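Trainee: So here's entry.tsv (TSV, N, CA, C and O atoms and all ligand atoms).
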```
chain	number	residue	atom	x	y	z
A	1	MET	N	43.15	55.90	60.18
A	1	MET	CA	43.48	56.83	61.25
A	1	MET	C	42.38	57.88	61.41
A	1	MET	O	41.84	58.40	60.43
A	2	LYS	N	42.03	58.12	62.65
A	2	LYS	CA	41.01	59.14	62.91
A	2	LYS	C	41.66	60.50	63.10
A	2	LYS	O	42.61	60.64	63.87
A	3	GLU	N	41.17	61.45	62.38
A	3	GLU	CA	41.67	62.81	62.57
A	3	GLU	C	40.69	63.59	63.42
A	3	GLU	O	39.49	63.53	63.20
A	4	LYS	N	41.24	64.30	64.36
A	4	LYS	CA	40.37	65.04	65.27
A	4	LYS	C	40.45	66.53	64.99
A	4	LYS	O	41.51	67.06	64.66
A	5	SER	N	39.31	67.18	65.15
A	5	SER	CA	39.28	68.64	65.06
A	5	SER	C	38.36	69.19	66.13
A	5	SER	O	37.46	68.50	66.59
A	6	VAL	N	38.63	70.40	66.54
A	6	VAL	CA	37.79	71.05	67.55
A	6	VAL	C	36.72	71.87	66.84
A	6	VAL	O	37.03	72.71	66.01
A	7	GLN	N	35.47	71.56	67.17
A	7	GLN	CA	34.40	72.34	66.57
A	7	GLN	C	33.80	73.27	67.61
A	7	GLN	O	33.56	72.88	68.75
A	8	VAL	N	33.57	74.49	67.20
A	8	VAL	CA	32.98	75.46	68.11
A	8	VAL	C	31.45	75.40	67.96
A	8	VAL	O	30.93	75.60	66.88
A	9	THR	N	30.79	75.07	69.06
A	9	THR	CA	29.33	75.08	69.03
A	9	THR	C	28.84	76.13	70.01
A	9	THR	O	29.47	76.36	71.05
A	10	GLN	N	27.75	76.74	69.69
A	10	GLN	CA	27.20	77.75	70.57
A	10	GLN	C	26.20	77.12	71.52
A	10	GLN	O	25.35	76.33	71.10
A	11	VAL	N	26.31	77.46	72.80
A	11	VAL	CA	25.35	76.98	73.78
A	11	VAL	C	24.72	78.20	74.47
A	11	VAL	O	25.31	79.27	74.51
A	12	VAL	N	23.53	78.00	75.00
A	12	VAL	CA	22.89	79.06	75.78
A	12	VAL	C	23.49	78.99	77.19
A	12	VAL	O	23.31	78.03	77.91
A	13	SER	N	24.27	80.02	77.56
A	13	SER	CA	24.96	79.99	78.85
A	13	SER	C	24.19	80.73	79.94
A	13	SER	O	24.45	80.54	81.13
A	14	ASP	N	23.26	81.57	79.54
A	14	ASP	CA	22.46	82.28	80.54
A	14	ASP	C	21.19	82.78	79.88
A	14	ASP	O	21.14	82.93	78.65
A	15	ILE	N	20.18	83.02	80.69
A	15	ILE	CA	18.94	83.63	80.20
A	15	ILE	C	18.66	84.79	81.14
A	15	ILE	O	18.60	84.61	82.36
A	16	THR	N	18.57	85.98	80.60
A	16	THR	CA	18.39	87.15	81.47
A	16	THR	C	16.99	87.75	81.30
A	16	THR	O	16.37	87.64	80.25
A	17	CYS	N	16.55	88.39	82.35
A	17	CYS	CA	15.23	89.03	82.38
A	17	CYS	C	15.25	90.26	81.47
A	17	CYS	O	16.18	91.06	81.51
A	18	ASP	N	14.19	90.40	80.66
A	18	ASP	CA	14.12	91.53	79.73
A	18	ASP	C	13.75	92.85	80.41
A	18	ASP	O	13.78	93.90	79.77
A	19	ILE	N	13.39	92.79	81.69
A	19	ILE	CA	13.08	94.03	82.41
A	19	ILE	C	14.28	94.47	83.25
A	19	ILE	O	14.79	95.57	83.06
A	20	CYS	N	14.77	93.63	84.16
A	20	CYS	CA	15.83	94.07	85.09
A	20	CYS	C	17.22	93.59	84.68
A	20	CYS	O	18.22	94.05	85.22
A	21	GLY	N	17.32	92.65	83.75
A	21	GLY	CA	18.62	92.19	83.29
A	21	GLY	C	19.25	91.10	84.14
A	21	GLY	O	20.33	90.61	83.83
A	22	GLN	N	18.59	90.72	85.23
A	22	GLN	CA	19.12	89.65	86.09
A	22	GLN	C	18.91	88.29	85.43
A	22	GLN	O	17.98	88.12	84.64
A	23	SER	N	19.72	87.32	85.84
A	23	SER	CA	19.56	85.97	85.32
A	23	SER	C	18.28	85.35	85.86
A	23	SER	O	17.91	85.56	87.01
A	24	VAL	N	17.58	84.58	85.02
A	24	VAL	CA	16.37	83.88	85.48
A	24	VAL	C	16.72	82.47	85.96
A	24	VAL	O	15.86	81.74	86.42
A	25	VAL	N	18.01	82.11	85.87
A	25	VAL	CA	18.46	80.76	86.23
A	25	VAL	C	19.27	80.84	87.52
A	25	VAL	O	20.20	81.65	87.61
A	26	ASN	N	18.93	80.04	88.52
A	26	ASN	CA	19.71	80.10	89.76
A	26	ASN	C	21.06	79.39	89.59
A	26	ASN	O	21.26	78.61	88.66
A	27	GLU	N	22.00	79.70	90.49
A	27	GLU	CA	23.40	79.25	90.33
A	27	GLU	C	23.53	77.73	90.26
A	27	GLU	O	24.30	77.22	89.45
A	28	SER	N	22.76	77.00	91.08
A	28	SER	CA	22.93	75.54	91.08
A	28	SER	C	22.45	74.95	89.75
A	28	SER	O	23.04	74.00	89.24
A	29	GLN	N	21.40	75.55	89.19
A	29	GLN	CA	20.94	75.07	87.88
A	29	GLN	C	21.97	75.38	86.80
A	29	GLN	O	22.21	74.59	85.90
A	30	LYS	N	22.60	76.56	86.93
A	30	LYS	CA	23.63	76.93	85.96
A	30	LYS	C	24.81	75.96	86.01
A	30	LYS	O	25.38	75.60	84.98
A	31	ASN	N	25.16	75.53	87.24
A	31	ASN	CA	26.29	74.62	87.40
A	31	ASN	C	25.97	73.22	86.88
A	31	ASN	O	26.87	72.49	86.47
A	32	ASN	N	24.69	72.85	86.91
A	32	ASN	CA	24.30	71.50	86.51
A	32	ASN	C	24.03	71.35	85.01
A	32	ASN	O	24.00	70.25	84.49
A	33	MET	N	23.80	72.47	84.35
A	33	MET	CA	23.45	72.39	82.92
A	33	MET	C	24.53	73.07	82.08
A	33	MET	O	24.89	74.21	82.34
A	34	THR	N	25.05	72.34	81.09
A	34	THR	CA	26.05	72.95	80.22
A	34	THR	C	25.40	73.79	79.13
A	34	THR	O	26.00	74.71	78.60
A	35	ASN	N	24.15	73.44	78.81
A	35	ASN	CA	23.43	74.20	77.79
A	35	ASN	C	22.04	74.51	78.32
A	35	ASN	O	21.27	73.59	78.61
A	36	LEU	N	21.74	75.78	78.47
A	36	LEU	CA	20.45	76.17	79.06
A	36	LEU	C	19.35	76.30	78.01
A	36	LEU	O	18.27	76.80	78.32
A	37	ASP	N	19.62	75.83	76.81
A	37	ASP	CA	18.64	75.98	75.73
A	37	ASP	C	17.31	75.32	76.08
A	37	ASP	O	16.25	75.80	75.70
A	38	SER	N	17.36	74.19	76.81
A	38	SER	CA	16.14	73.47	77.13
A	38	SER	C	15.54	73.92	78.47
A	38	SER	O	14.50	73.43	78.89
A	39	PHE	N	16.22	74.85	79.15
A	39	PHE	CA	15.72	75.33	80.44
A	39	PHE	C	14.41	76.08	80.23
A	39	PHE	O	14.32	76.97	79.38
A	40	ALA	N	13.37	75.69	80.97
A	40	ALA	CA	12.06	76.27	80.69
A	40	ALA	C	11.31	76.74	81.93
A	40	ALA	O	10.15	77.10	81.86
A	41	GLU	N	12.01	76.73	83.09
A	41	GLU	CA	11.30	77.07	84.33
A	41	GLU	C	11.41	78.56	84.65
A	41	GLU	O	12.04	78.96	85.62
A	42	TYR	N	10.84	79.37	83.80
A	42	TYR	CA	10.81	80.81	84.04
A	42	TYR	C	9.66	81.41	83.23
A	42	TYR	O	9.02	80.70	82.44
A	43	ALA	N	9.40	82.69	83.45
A	43	ALA	CA	8.26	83.31	82.79
A	43	ALA	C	8.62	83.80	81.40
A	43	ALA	O	9.65	84.46	81.21
A	44	ARG	N	7.81	83.43	80.44
A	44	ARG	CA	8.03	83.87	79.06
A	44	ARG	C	6.75	84.46	78.48
A	44	ARG	O	5.66	83.98	78.78
A	45	LEU	N	6.91	85.44	77.68
A	45	LEU	CA	5.75	86.00	76.99
A	45	LEU	C	6.05	86.04	75.51
A	45	LEU	O	7.03	86.64	75.07
A	46	VAL	N	5.26	85.30	74.75
A	46	VAL	CA	5.42	85.28	73.30
A	46	VAL	C	4.13	85.79	72.69
A	46	VAL	O	3.04	85.35	73.05
A	47	ALA	N	4.23	86.74	71.80
A	47	ALA	CA	3.05	87.27	71.12
A	47	ALA	C	3.32	87.31	69.62
A	47	ALA	O	4.34	87.84	69.18
A	48	GLU	N	2.43	86.71	68.87
A	48	GLU	CA	2.54	86.75	67.41
A	48	GLU	C	1.23	87.22	66.84
A	48	GLU	O	0.17	86.73	67.21
A	49	PHE	N	1.31	88.19	65.96
A	49	PHE	CA	0.10	88.74	65.37
A	49	PHE	C	0.01	88.35	63.90
A	49	PHE	O	0.97	88.52	63.15
A	50	GLY	N	-1.12	87.83	63.53
A	50	GLY	CA	-1.31	87.34	62.17
A	50	GLY	C	-1.53	88.46	61.17
A	50	GLY	O	-1.76	89.62	61.53
A	51	TYR	N	-1.43	88.08	59.93
A	51	TYR	CA	-1.66	89.04	58.86
A	51	TYR	C	-3.11	89.50	58.91
A	51	TYR	O	-4.01	88.73	59.23
A	52	GLY	N	-3.30	90.76	58.65
A	52	GLY	CA	-4.65	91.30	58.72
A	52	GLY	C	-4.90	92.03	60.02
A	52	GLY	O	-5.77	92.87	60.11
A	53	SER	N	-4.12	91.70	61.07
A	53	SER	CA	-4.24	92.45	62.32
A	53	SER	C	-3.47	93.76	62.15
A	53	SER	O	-2.68	93.92	61.22
A	54	SER	N	-3.69	94.71	63.08
A	54	SER	CA	-3.02	96.00	62.94
A	54	SER	C	-1.51	95.86	63.13
A	54	SER	O	-0.74	96.69	62.68
A	55	ARG	N	-1.06	94.79	63.79
A	55	ARG	CA	0.38	94.57	63.98
A	55	ARG	C	0.98	93.70	62.86
A	55	ARG	O	2.20	93.50	62.82
A	56	ASP	N	0.14	93.17	62.04
A	56	ASP	CA	0.51	92.50	60.80
A	56	ASP	C	1.82	91.71	60.80
A	56	ASP	O	2.85	92.15	60.28
A	57	GLY	N	1.81	90.55	61.42
A	57	GLY	CA	2.96	89.67	61.36
A	57	GLY	C	4.06	89.95	62.37
A	57	GLY	O	5.11	89.30	62.36
A	58	GLU	N	3.84	90.90	63.27
A	58	GLU	CA	4.87	91.23	64.27
A	58	GLU	C	4.98	90.11	65.30
A	58	GLU	O	3.99	89.47	65.65
A	59	LYS	N	6.20	89.89	65.79
A	59	LYS	CA	6.44	88.88	66.81
A	59	LYS	C	7.15	89.52	68.00
A	59	LYS	O	8.06	90.33	67.81
A	60	PHE	N	6.75	89.15	69.20
A	60	PHE	CA	7.39	89.64	70.42
A	60	PHE	C	7.78	88.45	71.27
A	60	PHE	O	7.05	87.47	71.34
A	61	HIS	N	8.94	88.55	71.93
A	61	HIS	CA	9.39	87.48	72.82
A	61	HIS	C	10.10	88.11	74.01
A	61	HIS	O	11.11	88.78	73.85
A	62	PHE	N	9.53	87.91	75.21
A	62	PHE	CA	10.12	88.46	76.42
A	62	PHE	C	10.36	87.36	77.44
A	62	PHE	O	9.56	86.44	77.56
A	63	ASP	N	11.47	87.47	78.18
A	63	ASP	CA	11.75	86.57	79.30
A	63	ASP	C	11.76	87.40	80.58
A	63	ASP	O	12.27	88.52	80.58
A	64	PHE	N	11.18	86.84	81.66
A	64	PHE	CA	11.11	87.59	82.92
A	64	PHE	C	11.59	86.75	84.09
A	64	PHE	O	11.32	85.55	84.14
A	65	CYS	N	12.28	87.42	85.03
A	65	CYS	CA	12.62	86.75	86.30
A	65	CYS	C	11.36	86.72	87.16
A	65	CYS	O	10.36	87.37	86.85
A	66	GLU	N	11.43	86.00	88.27
A	66	GLU	CA	10.25	85.82	89.11
A	66	GLU	C	9.78	87.16	89.70
A	66	GLU	O	8.57	87.44	89.73
A	67	GLY	N	10.71	87.99	90.12
A	67	GLY	CA	10.35	89.27	90.72
A	67	GLY	C	9.64	90.18	89.73
A	67	GLY	O	8.61	90.79	90.06
A	68	CYS	N	10.15	90.27	88.52
A	68	CYS	CA	9.53	91.12	87.50
A	68	CYS	C	8.21	90.53	87.04
A	68	CYS	O	7.28	91.27	86.71
A	69	PHE	N	8.10	89.20	87.07
A	69	PHE	CA	6.83	88.58	86.71
A	69	PHE	C	5.77	88.94	87.74
A	69	PHE	O	4.62	89.22	87.39
A	70	ASP	N	6.17	88.98	89.02
A	70	ASP	CA	5.23	89.40	90.07
A	70	ASP	C	4.77	90.83	89.82
A	70	ASP	O	3.58	91.14	89.97
A	71	ASP	N	5.71	91.72	89.45
A	71	ASP	CA	5.34	93.11	89.14
A	71	ASP	C	4.35	93.16	87.97
A	71	ASP	O	3.41	93.94	87.96
A	72	LEU	N	4.61	92.29	86.99
A	72	LEU	CA	3.75	92.25	85.81
A	72	LEU	C	2.33	91.79	86.18
A	72	LEU	O	1.34	92.32	85.66
A	73	LEU	N	2.25	90.82	87.08
A	73	LEU	CA	0.93	90.34	87.53
A	73	LEU	C	0.15	91.47	88.19
A	73	LEU	O	-1.06	91.61	87.97
A	74	VAL	N	0.86	92.30	88.98
A	74	VAL	CA	0.21	93.44	89.63
A	74	VAL	C	-0.34	94.38	88.55
A	74	VAL	O	-1.48	94.84	88.63
A	75	LYS	N	0.47	94.64	87.52
A	75	LYS	CA	0.05	95.52	86.42
A	75	LYS	C	-1.17	94.94	85.69
A	75	LYS	O	-2.10	95.68	85.35
A	76	ILE	N	-1.14	93.64	85.44
A	76	ILE	CA	-2.25	93.01	84.73
A	76	ILE	C	-3.54	93.15	85.55
A	76	ILE	O	-4.60	93.49	85.02
A	77	ASN	N	-3.42	92.95	86.87
A	77	ASN	CA	-4.60	93.09	87.72
A	77	ASN	C	-5.10	94.53	87.75
A	77	ASN	O	-6.31	94.76	87.80
A	78	GLU	N	-4.17	95.50	87.72
A	78	GLU	CA	-4.56	96.92	87.65
A	78	GLU	C	-5.34	97.19	86.36
A	78	GLU	O	-6.37	97.86	86.38
A	79	LEU	N	-4.85	96.67	85.26
A	79	LEU	CA	-5.50	96.86	83.96
A	79	LEU	C	-6.89	96.23	83.94
A	79	LEU	O	-7.84	96.77	83.40
A	80	LYS	N	-6.97	95.04	84.55
A	80	LYS	CA	-8.28	94.36	84.65
A	80	LYS	C	-9.28	95.24	85.37
A	80	LYS	O	-10.42	95.38	84.94
A	81	ARG	N	-8.83	95.82	86.50
A	81	ARG	CA	-9.72	96.67	87.29
A	81	ARG	C	-10.16	97.88	86.47
A	81	ARG	O	-11.32	98.25	86.49
A	82	LEU	N	-9.22	98.49	85.74
A	82	LEU	CA	-9.55	99.65	84.90
A	82	LEU	C	-10.60	99.30	83.85
A	82	LEU	O	-11.55	100.05	83.63
A	83	HIS	N	-10.42	98.13	83.23
A	83	HIS	CA	-11.37	97.72	82.19
A	83	HIS	C	-12.74	97.44	82.76
A	83	HIS	O	-13.75	97.78	82.17
A	84	ASN	N	-12.77	96.80	83.92
A	84	ASN	CA	-14.05	96.43	84.52
A	84	ASN	C	-14.82	97.63	85.03
A	84	ASN	O	-16.03	97.60	85.13
A	85	LYS	N	-14.08	98.73	85.35
A	85	LYS	CA	-14.75	99.95	85.81
A	85	LYS	C	-15.63	100.54	84.72
A	85	LYS	O	-16.71	101.03	84.98
A	86	GLY	N	-15.13	100.50	83.48
A	86	GLY	CA	-15.85	101.13	82.38
A	86	GLY	C	-17.11	100.40	81.95
A	86	GLY	O	-18.00	100.99	81.35
A	87	SER	N	-17.21	99.11	82.29
A	87	SER	CA	-18.37	98.37	81.78
A	87	SER	C	-19.50	98.31	82.79
A	87	SER	O	-19.35	98.59	83.94
B	101	ZN	ZN	13.59	90.84	86.26
```
What does the file become when written as structure tokens?
Mentor:
Amino acid sequence: MKEKSVQVTQVVSDITCDICGQSVVNESQKNNMTNLDSFAEYARLVAEFGYGSSRDGEKFHFDFCEGCFDDLLVKINELKRLHNKGS
């Protein structure tokens, strides 16, 4: 005889932007996927610093929605311009 039991498993139900808090997953994708763990169509920033660097082993992980990623691109371009001015 087979005995059945209910097991609770954790799934990724949403991925939110680390800047504005909005979901990075659109509604139709949410409805089609029961686990968003493999969902990869959004902006991510991962930074890991090795031993010996001033951040010594620190890890950073950020997720961004498309709108905030656009804002970030503007910021990156501003920083580029600032750096290029000095040289
Ligand atoms: Zn956002």
Trainee: Using only N, CA, C and O atoms and all ligand atoms, which residues have at least one atom no more than 8 Å from ligand ZN 101 (chain B)? Output them as a list in words.
Mentor: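 Every residue with an atom at most 8 Å from ligand ZN 101 (chain B) is listed here: Thr16, Cys17, Asp18, Ile19, Cys20, Gly21, Gln22, Ser23, Val24, Asp63, Phe64, Cys65, Glu66, Gly67, Cys68 and Phe69 of chain A.
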Trainee: Can you measure atom N of Lys59 in chain A to atom O of Ala47 in chain A for me? One decimal in Å is fine.
Mentor: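 Separating atom N of Lys59 in chain A from atom O of Ala47 in chain A is a distance of 4.4 Å.
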Trainee: Taking 6 positions as the minimum chain separation for residues in the same chain, which residues sit within 6 Å of Val46 in chain A when counting only N, CA, C and O atoms? Answer as a list in words.
Mentor: Phe60, His61 and Phe62 of chain A
Trainee: Give the strand (DSSP E or B) residues of chain A, as DSSP finds them on the backbone, and put them as a list in words.
Mentor: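 Strand (DSSP E or B) assignments inside chain A correspond to Thr16, Ser23, Ala43, Arg44, Leu45, Val46, Ala47, Glu48, Lys59, Phe60, His61, Phe62, Asp63 and Phe64 of chain A.
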Trainee: Could you check which of A:Tyr42, A:Ile76, A:Ser13, A:Leu82 is closest to Gln29 in chain A, using all atoms listed in the file?
Mentor: A:Ser13
